[in-house]
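S.K.: Got data03.cif for you, mmCIF, N, CA and C atoms:
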data_structure
loop_
_atom_site.label_atom_id
_atom_site.label_comp_id
_atom_site.auth_asym_id
_atom_site.auth_seq_id
_atom_site.Cartn_x
_atom_site.Cartn_y
_atom_site.Cartn_z
N MET A 1 0.84 -1.17 0.00
CA MET A 1 0.00 0.00 0.00
C MET A 1 0.89 1.24 0.00
N ILE A 2 0.64 2.15 -0.91
CA ILE A 2 1.35 3.42 -1.00
C ILE A 2 0.50 4.47 -0.31
N THR A 3 1.08 5.22 0.62
CA THR A 3 0.37 6.29 1.31
C THR A 3 1.04 7.61 0.97
N ALA A 4 0.23 8.58 0.55
CA ALA A 4 0.73 9.93 0.27
C ALA A 4 -0.08 10.92 1.10
N ILE A 5 0.61 11.91 1.63
CA ILE A 5 -0.04 12.99 2.36
C ILE A 5 0.04 14.21 1.45
N VAL A 6 -1.11 14.77 1.11
CA VAL A 6 -1.16 15.87 0.16
C VAL A 6 -1.62 17.14 0.88
N LEU A 7 -0.74 18.15 0.89
CA LEU A 7 -1.07 19.45 1.46
C LEU A 7 -1.70 20.28 0.35
N ILE A 8 -2.86 20.86 0.63
CA ILE A 8 -3.64 21.52 -0.42
C ILE A 8 -3.96 22.95 -0.04
N GLU A 9 -3.66 23.87 -0.96
CA GLU A 9 -4.10 25.25 -0.82
C GLU A 9 -5.27 25.44 -1.77
N CYS A 10 -6.30 26.13 -1.28
CA CYS A 10 -7.47 26.34 -2.13
C CYS A 10 -8.12 27.68 -1.81
N ALA A 11 -9.08 28.04 -2.63
CA ALA A 11 -9.82 29.28 -2.42
C ALA A 11 -10.52 29.19 -1.07
N THR A 12 -10.27 30.16 -0.21
CA THR A 12 -10.79 30.14 1.16
C THR A 12 -12.31 30.02 1.22
N ASP A 13 -12.99 30.65 0.29
CA ASP A 13 -14.45 30.63 0.32
C ASP A 13 -15.06 29.33 -0.19
N SER A 14 -14.22 28.40 -0.63
CA SER A 14 -14.76 27.13 -1.15
C SER A 14 -14.16 25.91 -0.46
N ILE A 15 -13.57 26.08 0.71
CA ILE A 15 -12.92 24.96 1.40
C ILE A 15 -13.87 23.77 1.61
N PRO A 16 -15.08 23.97 2.14
CA PRO A 16 -15.94 22.80 2.35
C PRO A 16 -16.28 22.05 1.05
N GLU A 17 -16.55 22.79 -0.02
CA GLU A 17 -16.90 22.16 -1.30
C GLU A 17 -15.70 21.43 -1.90
N VAL A 18 -14.53 22.05 -1.82
CA VAL A 18 -13.32 21.42 -2.34
C VAL A 18 -13.02 20.15 -1.54
N ALA A 19 -13.11 20.24 -0.22
CA ALA A 19 -12.85 19.08 0.64
C ALA A 19 -13.79 17.92 0.32
N GLU A 20 -15.05 18.23 0.15
CA GLU A 20 -16.04 17.18 -0.17
C GLU A 20 -15.75 16.54 -1.51
N THR A 21 -15.41 17.33 -2.50
CA THR A 21 -15.10 16.80 -3.83
C THR A 21 -13.88 15.90 -3.77
N ILE A 22 -12.84 16.35 -3.07
CA ILE A 22 -11.62 15.55 -2.95
C ILE A 22 -11.89 14.26 -2.17
N ALA A 23 -12.67 14.34 -1.12
CA ALA A 23 -12.98 13.16 -0.30
C ALA A 23 -13.70 12.08 -1.11
N ASN A 24 -14.39 12.48 -2.16
CA ASN A 24 -15.14 11.53 -2.99
C ASN A 24 -14.31 10.93 -4.12
N LEU A 25 -13.06 11.34 -4.26
CA LEU A 25 -12.19 10.77 -5.30
C LEU A 25 -11.71 9.39 -4.90
N ASP A 26 -11.67 8.48 -5.87
CA ASP A 26 -11.12 7.15 -5.62
C ASP A 26 -9.66 7.29 -5.19
N GLY A 27 -9.28 6.60 -4.15
CA GLY A 27 -7.91 6.63 -3.66
C GLY A 27 -7.69 7.58 -2.50
N VAL A 28 -8.64 8.49 -2.27
CA VAL A 28 -8.53 9.42 -1.15
C VAL A 28 -9.25 8.80 0.04
N SER A 29 -8.52 8.58 1.14
CA SER A 29 -9.15 7.95 2.29
C SER A 29 -9.66 8.96 3.31
N GLU A 30 -9.00 10.12 3.41
CA GLU A 30 -9.41 11.13 4.39
C GLU A 30 -9.03 12.51 3.88
N VAL A 31 -9.81 13.50 4.28
CA VAL A 31 -9.48 14.91 4.02
C VAL A 31 -9.75 15.68 5.31
N TYR A 32 -8.77 16.49 5.70
CA TYR A 32 -8.89 17.30 6.91
C TYR A 32 -8.80 18.78 6.54
N SER A 33 -9.67 19.60 7.10
CA SER A 33 -9.47 21.05 7.01
C SER A 33 -8.54 21.41 8.17
N THR A 34 -7.61 22.32 7.91
CA THR A 34 -6.58 22.59 8.89
C THR A 34 -6.35 24.09 9.10
N ALA A 35 -5.76 24.41 10.23
CA ALA A 35 -5.26 25.76 10.48
C ALA A 35 -3.77 25.73 10.15
N GLY A 36 -3.24 26.84 9.72
CA GLY A 36 -1.81 26.88 9.40
C GLY A 36 -1.57 27.29 7.97
N ASN A 37 -0.49 26.78 7.41
CA ASN A 37 -0.06 27.20 6.07
C ASN A 37 -0.85 26.58 4.93
N VAL A 38 -1.58 25.53 5.19
CA VAL A 38 -2.39 24.91 4.14
C VAL A 38 -3.84 24.85 4.58
N ASP A 39 -4.73 24.73 3.61
CA ASP A 39 -6.16 24.72 3.92
C ASP A 39 -6.69 23.32 4.18
N LEU A 40 -6.18 22.35 3.42
CA LEU A 40 -6.65 20.96 3.53
C LEU A 40 -5.46 20.01 3.50
N ILE A 41 -5.64 18.87 4.15
CA ILE A 41 -4.67 17.78 4.04
C ILE A 41 -5.45 16.54 3.65
N ALA A 42 -5.02 15.90 2.55
CA ALA A 42 -5.66 14.68 2.09
C ALA A 42 -4.70 13.51 2.27
N VAL A 43 -5.24 12.38 2.67
CA VAL A 43 -4.47 11.15 2.77
C VAL A 43 -4.90 10.26 1.60
N VAL A 44 -3.92 9.92 0.78
CA VAL A 44 -4.16 9.10 -0.40
C VAL A 44 -3.55 7.74 -0.15
N ARG A 45 -4.35 6.69 -0.38
CA ARG A 45 -3.84 5.32 -0.23
C ARG A 45 -4.19 4.54 -1.48
N VAL A 46 -3.15 4.04 -2.16
CA VAL A 46 -3.33 3.29 -3.40
C VAL A 46 -2.42 2.06 -3.38
N ARG A 47 -2.72 1.11 -4.24
CA ARG A 47 -1.94 -0.13 -4.27
C ARG A 47 -0.66 0.01 -5.09
N GLU A 48 -0.71 0.74 -6.18
CA GLU A 48 0.42 0.88 -7.09
C GLU A 48 0.92 2.31 -7.10
N PHE A 49 2.24 2.49 -7.20
CA PHE A 49 2.82 3.83 -7.18
C PHE A 49 2.26 4.71 -8.31
N ASP A 50 2.07 4.13 -9.50
CA ASP A 50 1.55 4.90 -10.64
C ASP A 50 0.17 5.49 -10.36
N GLN A 51 -0.58 4.87 -9.48
CA GLN A 51 -1.91 5.37 -9.15
C GLN A 51 -1.85 6.70 -8.41
N THR A 52 -0.72 7.00 -7.76
CA THR A 52 -0.62 8.29 -7.06
C THR A 52 -0.76 9.44 -8.05
N ALA A 53 -0.18 9.30 -9.23
CA ALA A 53 -0.29 10.34 -10.26
C ALA A 53 -1.73 10.50 -10.71
N ASP A 54 -2.44 9.38 -10.86
CA ASP A 54 -3.85 9.45 -11.27
C ASP A 54 -4.67 10.21 -10.25
N VAL A 55 -4.46 9.90 -8.97
CA VAL A 55 -5.26 10.50 -7.91
C VAL A 55 -4.87 11.95 -7.67
N ILE A 56 -3.56 12.22 -7.60
CA ILE A 56 -3.11 13.57 -7.22
C ILE A 56 -3.09 14.51 -8.42
N ALA A 57 -2.28 14.20 -9.43
CA ALA A 57 -2.19 15.09 -10.59
C ALA A 57 -3.45 15.04 -11.44
N GLY A 58 -4.02 13.85 -11.57
CA GLY A 58 -5.20 13.70 -12.41
C GLY A 58 -6.52 13.98 -11.71
N GLY A 59 -6.51 14.03 -10.38
CA GLY A 59 -7.75 14.23 -9.63
C GLY A 59 -7.71 15.46 -8.74
N ILE A 60 -6.95 15.39 -7.66
CA ILE A 60 -6.93 16.47 -6.66
C ILE A 60 -6.56 17.81 -7.29
N SER A 61 -5.48 17.83 -8.07
CA SER A 61 -5.00 19.09 -8.65
C SER A 61 -5.99 19.73 -9.62
N LYS A 62 -6.90 18.92 -10.16
CA LYS A 62 -7.87 19.42 -11.15
C LYS A 62 -9.20 19.82 -10.54
N VAL A 63 -9.36 19.65 -9.23
CA VAL A 63 -10.61 20.05 -8.58
C VAL A 63 -10.71 21.58 -8.60
N PRO A 64 -11.82 22.12 -9.08
CA PRO A 64 -11.99 23.57 -9.09
C PRO A 64 -11.83 24.15 -7.69
N GLY A 65 -11.01 25.19 -7.58
CA GLY A 65 -10.75 25.81 -6.29
C GLY A 65 -9.39 25.45 -5.72
N VAL A 66 -8.78 24.35 -6.18
CA VAL A 66 -7.44 23.97 -5.72
C VAL A 66 -6.43 24.85 -6.44
N SER A 67 -5.59 25.54 -5.67
CA SER A 67 -4.59 26.42 -6.28
C SER A 67 -3.17 25.84 -6.23
N ASP A 68 -2.89 24.95 -5.27
CA ASP A 68 -1.55 24.38 -5.16
C ASP A 68 -1.60 23.12 -4.31
N THR A 69 -0.71 22.18 -4.61
CA THR A 69 -0.58 20.98 -3.78
C THR A 69 0.89 20.71 -3.52
N GLU A 70 1.15 20.04 -2.42
CA GLU A 70 2.49 19.55 -2.09
C GLU A 70 2.31 18.14 -1.56
N THR A 71 3.02 17.19 -2.17
CA THR A 71 2.81 15.78 -1.85
C THR A 71 4.01 15.20 -1.11
N HIS A 72 3.71 14.43 -0.07
CA HIS A 72 4.72 13.71 0.71
C HIS A 72 4.37 12.23 0.67
N ILE A 73 5.32 11.41 0.23
CA ILE A 73 5.11 9.96 0.18
C ILE A 73 5.63 9.36 1.49
N ALA A 74 4.81 8.53 2.12
CA ALA A 74 5.19 7.90 3.39
C ALA A 74 6.03 6.65 3.12
N PHE A 75 7.11 6.50 3.88
CA PHE A 75 7.94 5.30 3.79
C PHE A 75 7.44 4.21 4.73
N ARG A 76 7.17 4.59 5.98
CA ARG A 76 6.70 3.66 7.00
C ARG A 76 5.63 4.34 7.83
N ALA A 77 4.81 3.52 8.46
CA ALA A 77 3.79 4.04 9.38
C ALA A 77 4.14 3.57 10.79
N TYR A 78 4.06 4.48 11.72
CA TYR A 78 4.29 4.16 13.13
C TYR A 78 3.06 4.62 13.89
N SER A 79 2.54 3.75 14.71
CA SER A 79 1.40 4.15 15.54
C SER A 79 1.42 3.36 16.84
N LYS A 80 0.84 3.94 17.85
CA LYS A 80 0.75 3.28 19.15
C LYS A 80 0.02 1.95 19.01
N HIS A 81 -1.04 1.93 18.21
CA HIS A 81 -1.83 0.72 18.01
C HIS A 81 -0.96 -0.41 17.46
N ASP A 82 -0.15 -0.13 16.44
CA ASP A 82 0.71 -1.15 15.85
C ASP A 82 1.75 -1.64 16.85
N LEU A 83 2.34 -0.74 17.63
CA LEU A 83 3.35 -1.13 18.60
C LEU A 83 2.77 -2.00 19.71
N GLU A 84 1.58 -1.69 20.17
CA GLU A 84 0.95 -2.49 21.21
C GLU A 84 0.71 -3.91 20.72
N GLU A 85 0.24 -4.07 19.48
CA GLU A 85 0.00 -5.40 18.92
C GLU A 85 1.31 -6.18 18.82
N THR A 86 2.39 -5.51 18.43
CA THR A 86 3.68 -6.17 18.29
C THR A 86 4.16 -6.72 19.63
N PHE A 87 4.04 -5.93 20.69
CA PHE A 87 4.53 -6.35 21.99
C PHE A 87 3.62 -7.41 22.63
N GLU A 88 2.41 -7.55 22.15
CA GLU A 88 1.51 -8.55 22.71
C GLU A 88 1.63 -9.92 22.05
N ILE A 89 2.38 -10.02 20.97
CA ILE A 89 2.53 -11.29 20.26
C ILE A 89 3.21 -12.30 21.18
N GLY A 90 2.61 -13.44 21.33
CA GLY A 90 3.19 -14.50 22.13
C GLY A 90 2.87 -14.42 23.62
N PHE A 91 2.24 -13.36 24.04
CA PHE A 91 1.89 -13.23 25.44
C PHE A 91 0.39 -13.45 25.62
N SER A 92 0.04 -14.14 26.67
CA SER A 92 -1.39 -14.31 26.96
C SER A 92 -1.69 -13.78 28.34
N ASP A 93 -2.94 -13.36 28.52
CA ASP A 93 -3.36 -12.79 29.80
C ASP A 93 -3.65 -13.87 30.82
#
Could you rewrite the structure in this file as C-alpha cells?

M.R.:
Amino acid sequence: MITAIVLIECATDSIPEVAETIANLDGVSEVYSTAGNVDLIAVVRVREFDQTADVIAGGISKVPGVSDTETHIAFRAYSKHDLEETFEIGFSD
C-alpha cells in the first residue's frame, strides 16, 4: 500500500466544497481542514505507485478551487496501536 499525504491550498471561500469533492475521489481515504499554512490535508492510499499520479495530478489538482498541492510519500507508518500489537505477540493474559 502506498500512502501519500497531500497538502492543499485552495480558495478560502470554497474549502468545504473542495474538501467534499476531494474526499469523494477514488484513492482518497481522508481529508482534513486545517489551520496553518495549508487549507486541507488529504491522505491518499493506493496499491500501485503509478496510481498516485492518477489521484493527485489527475484528480486532486484538477478540482476547481485547488490552487496548489504539495505531496509527501510515506515510507513507513508508526502508531501506538501497531506497537501495542507487536509487543503482545506471544503473550497471553

S.K.: Report, in Å with one decimal, the straight-line distance from atom C of Ile22 in chain A to atom N of Tyr78 in chain A.

M.R.: 23.3 Å

S.K.: Closest to Ala23 in chain A among A:Asp54, A:Ile5, A:Arg76, A:Ala42, using all atoms listed in the file?

M.R.: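 Among A:Asp54, A:Ile5, A:Arg76, A:Ala42, it is A:Ala42 that comes nearest to Ala23 in chain A.
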
S.K.: Between CA of Gly36 in chain A and CA of Pro64 in chain A, measure the distance and give it in Å to one decimal.

M.R.: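 So the two atoms, CA of Gly36 in chain A and CA of Pro64 in chain A, lie 21.4 Å apart.
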
S.K.: Quick one: DSSP helix (DSSP H, G or I) residues in chain A, as number ranges by chain?

M.R.: A: 12-23, 50-56, 60-62, 80-88

S.K.: Given the file shown, determine the residues that the PyMOL selection byres (((chain A and resi 25 and name CA) around 12) and name CA) selects; report them as a VMD selection string.

M.R.: chain A and resid 18 to 24 26 to 31 42 to 46 52 54 to 56 58 to 63

S.K.: Under the rule that only N, CA and C atoms are counted, which of A:Ile73, A:Ile2, A:Ala57, A:Cys10 is the nearest residue to Val38 in chain A?

M.R.: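 Of A:Ile73, A:Ile2, A:Ala57, A:Cys10, the one nearest Val38 in chain A, counting only N, CA and C atoms, is A:Cys10.
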
S.K.: Starting from the displayed file, determine the output of the PyMOL selection byres ((chain A and resi 39) around 8) and express the residue list as a list in words.

M.R.: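 For this structure, the PyMOL selection byres ((chain A and resi 39) around 8) resolves to Leu7, Ile8, Glu9, Cys10, Ala11, Thr12, Ile15, Tyr32, Ser33, Thr34, Ala35, Gly36, Asn37, Val38, Leu40, Ile41 and Ala42 of chain A.
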
S.K.: Please identify which residues in range 11-67 of chain A DSSP calls strand (DSSP E) from the backbone, and express them as a short mmCIF file (atom, residue, chain, number, x, y, z; two decimals) with N, CA and C atoms, in the frame of the given file.

M.R.:
data_model
loop_
_atom_site.label_atom_id
_atom_site.label_comp_id
_atom_site.auth_asym_id
_atom_site.auth_seq_id
_atom_site.Cartn_x
_atom_site.Cartn_y
_atom_site.Cartn_z
N VAL A 28 -8.64 8.49 -2.27
CA VAL A 28 -8.53 9.42 -1.15
C VAL A 28 -9.25 8.80 0.04
N SER A 29 -8.52 8.58 1.14
CA SER A 29 -9.15 7.95 2.29
C SER A 29 -9.66 8.96 3.31
N GLU A 30 -9.00 10.12 3.41
CA GLU A 30 -9.41 11.13 4.39
C GLU A 30 -9.03 12.51 3.88
N VAL A 31 -9.81 13.50 4.28
CA VAL A 31 -9.48 14.91 4.02
C VAL A 31 -9.75 15.68 5.31
N TYR A 32 -8.77 16.49 5.70
CA TYR A 32 -8.89 17.30 6.91
C TYR A 32 -8.80 18.78 6.54
N SER A 33 -9.67 19.60 7.10
CA SER A 33 -9.47 21.05 7.01
C SER A 33 -8.54 21.41 8.17
N LEU A 40 -6.18 22.35 3.42
CA LEU A 40 -6.65 20.96 3.53
C LEU A 40 -5.46 20.01 3.50
N ILE A 41 -5.64 18.87 4.15
CA ILE A 41 -4.67 17.78 4.04
C ILE A 41 -5.45 16.54 3.65
N ALA A 42 -5.02 15.90 2.55
CA ALA A 42 -5.66 14.68 2.09
C ALA A 42 -4.70 13.51 2.27
N VAL A 43 -5.24 12.38 2.67
CA VAL A 43 -4.47 11.15 2.77
C VAL A 43 -4.90 10.26 1.60
N VAL A 44 -3.92 9.92 0.78
CA VAL A 44 -4.16 9.10 -0.40
C VAL A 44 -3.55 7.74 -0.15
N ARG A 45 -4.35 6.69 -0.38
CA ARG A 45 -3.84 5.32 -0.23
C ARG A 45 -4.19 4.54 -1.48
N VAL A 46 -3.15 4.04 -2.16
CA VAL A 46 -3.33 3.29 -3.40
C VAL A 46 -2.42 2.06 -3.38
N VAL A 66 -8.78 24.35 -6.18
CA VAL A 66 -7.44 23.97 -5.72
C VAL A 66 -6.43 24.85 -6.44
N SER A 67 -5.59 25.54 -5.67
CA SER A 67 -4.59 26.42 -6.28
C SER A 67 -3.17 25.84 -6.23
#
